Number of protein chains: 2
Amino acid sequence: MIDGKTKLIPHIGYPTESFKAPMIYNPWFESRGINAIVAPFAVQGADFPDVLKSLFRCGNVIGALITMPHKVAVTKLVDELTVTAQIAGSANAVVRRPDGSLVGDMFDGEGFARGVLRKGQEIKGKKVLVVGSGGVGCAIAASLAAAGAAEMGLFDPATASAQGLADRLTTHYPALKVSVGSKDPAGFDIVVNATPLGMKAGDPLPMDVERLAPTTFVGEVVMKEEHTPFLRAAIERGCRTQVGTDMLFEMIPAYLEFFGFGSTTAEELRAIARLQY
Amino acid sequence: MIDGKTKLIPHIGYPTESFKAPMIYNPWFESRGINAIVAPFAVQGADFPDVLKSLFRCGNVIGALITMPHKVAVTKLVDELTVTAQIAGSANAVVRRPDGSLVGDMFDGEGFARGVLRKGQEIKGKKVLVVGSGGVGCAIAASLAAAGAAEMGLFDPATASAQGLADRLTTHYPALKVSVGSKDPAGFDIVVNATPLGMKAGDPLPMDVERLAPTTFVGEVVMKEEHTPFLRAAIERGCRTQVGTDMLFEMIPAYLEFFGFGSTTAEELRAIARLQY
């Protein structure tokens, strides 16, 4: 129950109607007796800098979740960015340190990587292919690099964005072997669709699934349905897979640690969330 | 349950710990299936102008409740003030009109007046005494004038504030007969303690209760206990009375109308509020 001592985590984006975070975080806060809420704030681009600054002047605003269209803009508005957010070029969470400074971090990729690890698939020393170098692709690449991937293939129809990501990765992880320009999944241990392909009926598959080895772990970011055509094709070939919403639920324990709350698991969050996938 | 479509009514003040509005409004919204919440925002004086402006740039912020220490400052930050807020010299609610303009209103006095009327005590044509010309006293005087009081006695140890209130009242209500400087309740139909006397044990009574006629209706603003020593003395003399929290609950239906929600009663709000008085 909201009272005068409730801590706030604004969830800032536009539009807000499809937000899911309040229905995941708030039941968890309730279940733990934590007096905090996530609430939507519908903020358009031009207003975002002032609103973000003002919200963090409120004593009981302890952090913020940042989503479209502000994930890139927020990187210019915080005092510090984690390495992952620097490589991703975007942030989806801001927390205020005790000294008042704001730190931005990016958890999309962290959620993806946690899910992979918790399914028993190692990342350290592995070869990974990330198809799509938009916001989520950059975030996933950054987190897979942080988790110790040895080689990384990047592909995006906009080659410059894949090359930019490659450059940022090698700046921060000089030992990482990065290649750009192929989406052939053959020879990779982990393969990720980080494109929007699969959102619309009739979309082509994001890569040539015939070239997937059954030993390859296949991850998806599209949440339109639990098993997208790409994931169904991968399962048919015997691959282990990770669905799009796993990234969402797996990132939340990381968020909660970032905001200074206790630890939890994606399973617990899924069990008490007030939404269905 | 908060989701992406939830409307927000920030309750802005500092400190926020003792706020009661969230526990009154939110259960009512829930009971009516209205997807809106009141949530506290701890904002200090210097930050208030920017925070207020920024909050109203959020599309789902439909209004705000304003409390200490911002009730006076807010009057300079809105596009329009109601007559009651002009006379009160303060506002405790802001709503955004469809054209984007902000309107400030003051409901403390409206709550007081509604409570009096609903107890069967007429205000129109009556003689009222308001002891205390601080924020709440000014608000009550403004609302009693709006409700048609014929004569009004004002008293404050700081005579200038009582005189300032008298001047504002006569500007807007030239037919109202206002006198300043006496707190003798004899001869008044309605008498109000709008001072903080009664908050602390051992406080003197706000006026000479021996001079209260049994026909006088006696109202209180102090909420420290349901029946303050002043109210107990009035009841002993046979007066009808109104307790401090009545003002709080009676103003909320007015607020809710101001924010564009349906109508309710203080009784319904008291029944479902998640707090005890």
# chains A, B, ... in the order shown; residues from 1 in each chain; ligands from 1
call {"tool": "interface_residues", "arguments": {"of": "chain B", "to": "chain A", "cutoff": "9 Å", "atoms": "only C-alpha atoms", "output": "MDAnalysis selection string"}}
result
chainID B and resid 1:8 14:23 26 37:44 47:48 50:55 57:61 274
call {"tool": "residues_around", "arguments": {"residues": "range 180-187 of chain A", "least_positions_apart": "2", "cutoff": "8 Å", "atoms": "only C-alpha atoms", "output": "mmCIF file with C-alpha atoms, in the first residue's frame"}}
result
data_model
loop_
_atom_site.group_PDB
_atom_site.id
_atom_site.type_symbol
_atom_site.label_atom_id
_atom_site.label_comp_id
_atom_site.auth_asym_id
_atom_site.auth_seq_id
_atom_site.Cartn_x
_atom_site.Cartn_y
_atom_site.Cartn_z
ATOM 1 C CA LYS A 127 32.004 -18.023 -29.930
ATOM 2 C CA LEU A 129 26.916 -14.468 -33.094
ATOM 3 C CA VAL A 131 22.471 -10.671 -35.515
ATOM 4 C CA GLY A 153 30.344 -12.196 -34.899
ATOM 5 C CA LEU A 154 28.214 -9.111 -35.527
ATOM 6 C CA PHE A 155 25.798 -8.511 -38.366
ATOM 7 C CA ASP A 156 23.442 -5.716 -39.205
ATOM 8 C CA THR A 159 26.978 -2.201 -41.544
ATOM 9 C CA ALA A 162 27.699 -3.219 -36.507
ATOM 10 C CA GLN A 163 31.162 -1.758 -37.127
ATOM 11 C CA ALA A 166 32.704 -3.766 -32.936
ATOM 12 C CA VAL A 178 35.313 -9.482 -33.314
ATOM 13 C CA ASP A 189 28.306 -21.779 -29.750
ATOM 14 C CA VAL A 191 23.524 -17.410 -31.689
ATOM 15 C CA MET A 207 19.375 -16.079 -40.457
ATOM 16 C CA ASP A 208 19.778 -19.338 -42.332
ATOM 17 C CA VAL A 209 18.571 -21.925 -39.802
ATOM 18 C CA ARG A 211 23.299 -23.721 -40.972
ATOM 19 C CA LEU A 212 22.535 -24.092 -37.229
ATOM 20 C CA ALA A 213 24.288 -26.971 -35.505
#
call {"tool": "residues_around", "arguments": {"residues": "Ala113 in chain A", "least_positions_apart": "3", "cutoff": "9 Å", "atoms": "only C-alpha atoms", "output": "list in words"}}
result
Asp108, Gly109, Glu110, Val116, Leu117, Arg118, Ile123, Ile140, Ser143, Leu144, Ala147, Met247, Glu250 and Met251 of chain A
call {"tool": "atom_distance", "arguments": {"atom1": "CA of Phe217 in chain A", "atom2": "CA of Gln242 in chain A"}}
result
8.0 Å
call {"tool": "residues_around", "arguments": {"residues": "range 167-175 of chain B", "least_positions_apart": "2", "cutoff": "12 Å", "atoms": "only C-alpha atoms", "output": "PyMOL selection string"}}
result
chain B and resi 82-89+125+138-154+160-165+177-180
call {"tool": "residues_around", "arguments": {"residues": "Ala64 in chain A", "least_positions_apart": "2", "cutoff": "7 Å", "atoms": "only C-alpha atoms", "output": "VMD selection string"}}
result
chain A and resid 9 to 11 66 93 to 95
call {"tool": "write_last_selection", "arguments": {"atoms": "C-alpha atoms", "output": "PDB file, in the first residue's frame"}}
result
ATOM      1  CA  ILE A   9      10.974   4.123  -9.282  1.00  0.00           C
ATOM      2  CA  PRO A  10       9.568   6.054 -12.233  1.00  0.00           C
ATOM      3  CA  HIS A  11       9.324   4.001 -15.406  1.00  0.00           C
ATOM      4  CA  ILE A  66      14.227   4.123 -18.854  1.00  0.00           C
ATOM      5  CA  ALA A  93      18.178   2.149 -15.615  1.00  0.00           C
ATOM      6  CA  VAL A  94      19.409   5.067 -13.577  1.00  0.00           C
ATOM      7  CA  VAL A  95      20.193   4.985  -9.903  1.00  0.00           C
TER       8      VAL A  95
END
call {"tool": "select_by_dssp", "arguments": {"residues": "range 47-237 of chain B", "states": "strand (DSSP E)", "output": "ChimeraX atom specification"}}
result
/B:63-66,80-81,93-96,102-105,127-131,151-155,177-180,190-193,217-220
call {"tool": "write_last_selection", "arguments": {"atoms": "N, CA and C atoms", "output": "tab-separated table (two decimals), in the first residue's frame"}}
result
chain	number	residue	atom	x	y	z
B	63	GLY	N	-3.05	15.64	-12.31
B	63	GLY	CA	-3.22	16.67	-11.31
B	63	GLY	C	-2.23	16.43	-10.20
B	64	ALA	N	-2.20	17.33	-9.23
B	64	ALA	CA	-1.28	17.17	-8.11
B	64	ALA	C	-1.93	17.66	-6.84
B	65	LEU	N	-1.60	17.01	-5.75
B	65	LEU	CA	-1.96	17.50	-4.43
B	65	LEU	C	-0.73	18.21	-3.88
B	66	ILE	N	-0.93	19.40	-3.37
B	66	ILE	CA	0.19	20.22	-2.92
B	66	ILE	C	0.07	20.43	-1.42
B	80	GLU	N	-3.78	29.83	-13.56
B	80	GLU	CA	-5.03	30.39	-13.06
B	80	GLU	C	-5.25	29.92	-11.64
B	81	LEU	N	-5.78	30.83	-10.81
B	81	LEU	CA	-6.15	30.47	-9.44
B	81	LEU	C	-7.63	30.71	-9.28
B	93	ALA	N	-4.20	22.02	-4.56
B	93	ALA	CA	-4.45	21.12	-5.68
B	93	ALA	C	-4.21	21.86	-6.98
B	94	VAL	N	-3.65	21.14	-7.93
B	94	VAL	CA	-3.44	21.69	-9.27
B	94	VAL	C	-3.98	20.67	-10.25
B	95	VAL	N	-4.70	21.16	-11.24
B	95	VAL	CA	-5.18	20.27	-12.28
B	95	VAL	C	-4.80	20.87	-13.63
B	96	ARG	N	-4.56	19.99	-14.60
B	96	ARG	CA	-4.24	20.47	-15.95
B	96	ARG	C	-5.48	20.40	-16.81
B	102	LEU	N	-2.59	25.18	-16.25
B	102	LEU	CA	-2.69	24.66	-14.89
B	102	LEU	C	-3.56	25.58	-14.03
B	103	VAL	N	-4.48	24.96	-13.31
B	103	VAL	CA	-5.38	25.69	-12.43
B	103	VAL	C	-5.12	25.25	-10.99
B	104	GLY	N	-4.96	26.24	-10.12
B	104	GLY	CA	-4.77	25.93	-8.71
B	104	GLY	C	-6.03	26.22	-7.92
B	105	ASP	N	-6.35	25.33	-6.99
B	105	ASP	CA	-7.51	25.56	-6.13
B	105	ASP	C	-7.12	25.17	-4.70
B	127	LYS	N	-23.36	34.48	10.74
B	127	LYS	CA	-22.20	35.18	11.30
B	127	LYS	C	-21.15	34.14	11.71
B	128	VAL	N	-19.95	34.27	11.17
B	128	VAL	CA	-18.92	33.28	11.46
B	128	VAL	C	-17.68	33.95	12.03
B	129	LEU	N	-17.04	33.24	12.95
B	129	LEU	CA	-15.79	33.71	13.55
B	129	LEU	C	-14.69	32.70	13.22
B	130	VAL	N	-13.64	33.20	12.59
B	130	VAL	CA	-12.49	32.34	12.26
B	130	VAL	C	-11.30	32.83	13.07
B	131	VAL	N	-10.87	32.01	14.02
B	131	VAL	CA	-9.74	32.39	14.88
B	131	VAL	C	-8.48	31.72	14.31
B	151	GLU	N	-21.60	37.79	7.78
B	151	GLU	CA	-20.64	38.56	8.58
B	151	GLU	C	-19.50	37.63	8.98
B	152	MET	N	-18.31	38.19	9.07
B	152	MET	CA	-17.17	37.37	9.44
B	152	MET	C	-16.25	38.11	10.38
B	153	GLY	N	-15.98	37.47	11.53
B	153	GLY	CA	-14.98	37.97	12.46
B	153	GLY	C	-13.68	37.23	12.23
B	154	LEU	N	-12.58	37.98	12.19
B	154	LEU	CA	-11.27	37.36	11.99
B	154	LEU	C	-10.36	37.77	13.13
B	155	PHE	N	-9.59	36.81	13.61
B	155	PHE	CA	-8.62	37.14	14.66
B	155	PHE	C	-7.34	36.37	14.42
B	177	LYS	N	-19.65	41.51	5.55
B	177	LYS	CA	-19.25	42.44	6.62
B	177	LYS	C	-18.13	41.78	7.42
B	178	VAL	N	-16.95	42.36	7.34
B	178	VAL	CA	-15.78	41.74	7.99
B	178	VAL	C	-15.30	42.60	9.14
B	179	SER	N	-15.03	41.97	10.28
B	179	SER	CA	-14.41	42.69	11.39
B	179	SER	C	-13.15	41.94	11.82
B	180	VAL	N	-12.18	42.70	12.28
B	180	VAL	CA	-10.88	42.11	12.61
B	180	VAL	C	-10.51	42.47	14.05
B	190	ILE	N	-21.36	30.39	13.80
B	190	ILE	CA	-20.34	29.37	13.53
B	190	ILE	C	-19.00	29.91	14.01
B	191	VAL	N	-18.28	29.11	14.74
B	191	VAL	CA	-16.99	29.52	15.29
B	191	VAL	C	-15.97	28.45	14.93
B	192	VAL	N	-14.80	28.88	14.50
B	192	VAL	CA	-13.79	27.92	14.04
B	192	VAL	C	-12.47	28.16	14.75
B	193	ASN	N	-11.88	27.11	15.29
B	193	ASN	CA	-10.48	27.20	15.69
B	193	ASN	C	-9.61	26.81	14.50
B	217	PHE	N	-22.37	26.67	16.36
B	217	PHE	CA	-21.74	25.49	15.76
B	217	PHE	C	-20.23	25.70	15.83
B	218	VAL	N	-19.52	24.72	16.36
B	218	VAL	CA	-18.09	24.88	16.63
B	218	VAL	C	-17.26	23.90	15.79
B	219	GLY	N	-16.34	24.46	15.04
B	219	GLY	CA	-15.48	23.62	14.20
B	219	GLY	C	-14.02	23.72	14.62
B	220	GLU	N	-13.30	22.67	14.31
B	220	GLU	CA	-11.91	22.53	14.75
B	220	GLU	C	-11.07	22.11	13.53
call {"tool": "select_by_dssp", "arguments": {"residues": "range 113-214 of chain A", "states": "helix (DSSP H, G or I)", "output": "number ranges by chain"}}
result
A: 113-118, 135-146, 159-172, 209-211
call {"tool": "write_last_selection", "arguments": {"atoms": "C-alpha atoms", "output": "PDB file, in the first residue's frame"}}
result
ATOM      1  CA  ALA A 113      23.365 -13.403 -20.473  1.00  0.00           C
ATOM      2  CA  ARG A 114      21.980 -14.442 -17.071  1.00  0.00           C
ATOM      3  CA  GLY A 115      19.305 -16.504 -18.771  1.00  0.00           C
ATOM      4  CA  VAL A 116      21.881 -18.260 -20.944  1.00  0.00           C
ATOM      5  CA  LEU A 117      24.115 -19.041 -17.971  1.00  0.00           C
ATOM      6  CA  ARG A 118      21.246 -20.258 -15.816  1.00  0.00           C
ATOM      7  CA  GLY A 135      19.791  -1.084 -29.140  1.00  0.00           C
ATOM      8  CA  VAL A 136      19.137  -4.573 -27.851  1.00  0.00           C
ATOM      9  CA  GLY A 137      21.789  -6.182 -30.056  1.00  0.00           C
ATOM     10  CA  CYS A 138      24.439  -3.771 -28.784  1.00  0.00           C
ATOM     11  CA  ALA A 139      23.341  -4.422 -25.208  1.00  0.00           C
ATOM     12  CA  ILE A 140      23.508  -8.197 -25.640  1.00  0.00           C
ATOM     13  CA  ALA A 141      26.912  -8.013 -27.327  1.00  0.00           C
ATOM     14  CA  ALA A 142      28.217  -5.839 -24.482  1.00  0.00           C
ATOM     15  CA  SER A 143      26.985  -8.272 -21.834  1.00  0.00           C
ATOM     16  CA  LEU A 144      28.237 -11.368 -23.649  1.00  0.00           C
ATOM     17  CA  ALA A 145      31.651  -9.693 -23.907  1.00  0.00           C
ATOM     18  CA  ALA A 146      31.506  -8.858 -20.185  1.00  0.00           C
ATOM     19  CA  THR A 159      26.978  -2.201 -41.544  1.00  0.00           C
ATOM     20  CA  ALA A 160      28.117   1.028 -39.904  1.00  0.00           C
ATOM     21  CA  SER A 161      26.181   0.266 -36.728  1.00  0.00           C
ATOM     22  CA  ALA A 162      27.699  -3.219 -36.507  1.00  0.00           C
ATOM     23  CA  GLN A 163      31.162  -1.758 -37.127  1.00  0.00           C
ATOM     24  CA  GLY A 164      30.612   0.946 -34.484  1.00  0.00           C
ATOM     25  CA  LEU A 165      29.635  -1.726 -31.971  1.00  0.00           C
ATOM     26  CA  ALA A 166      32.704  -3.766 -32.936  1.00  0.00           C
ATOM     27  CA  ASP A 167      34.927  -0.737 -32.324  1.00  0.00           C
ATOM     28  CA  ARG A 168      33.428  -0.056 -28.891  1.00  0.00           C
ATOM     29  CA  LEU A 169      33.758  -3.721 -27.955  1.00  0.00           C
ATOM     30  CA  THR A 170      37.420  -3.920 -28.905  1.00  0.00           C
ATOM     31  CA  THR A 171      38.165  -0.652 -27.076  1.00  0.00           C
ATOM     32  CA  HIS A 172      36.899  -2.142 -23.824  1.00  0.00           C
ATOM     33  CA  VAL A 209      18.571 -21.925 -39.802  1.00  0.00           C
ATOM     34  CA  GLU A 210      19.797 -24.773 -42.008  1.00  0.00           C
ATOM     35  CA  ARG A 211      23.299 -23.721 -40.972  1.00  0.00           C
TER      36      ARG A 211
END
call {"tool": "atom_distance", "arguments": {"atom1": "CA of Tyr25 in chain A", "atom2": "CA of Leu256 in chain B"}}
result
28.3 Å
call {"tool": "closest_residue", "arguments": {"among": "B:Asp79, B:Val72, B:Glu122, B:Asn92", "to": "Phe258 in chain B", "atoms": "only C-alpha atoms"}}
result
B:Asn92
call {"tool": "atom_distance", "arguments": {"atom1": "CA of Glu236 in chain A", "atom2": "CA of Gly198 in chain A"}}
result
16.8 Å
call {"tool": "closest_residue", "arguments": {"among": "B:Lys200, B:Phe230, B:Gly120, B:Ala266", "to": "Thr245 in chain B", "atoms": "only C-alpha atoms"}}
result
B:Ala266
call {"tool": "closest_residue", "arguments": {"among": "A:Ser133, A:Lys124, A:Gly100, A:Lys71", "to": "Leu176 in chain A", "atoms": "only C-alpha atoms"}}
result
A:Lys124
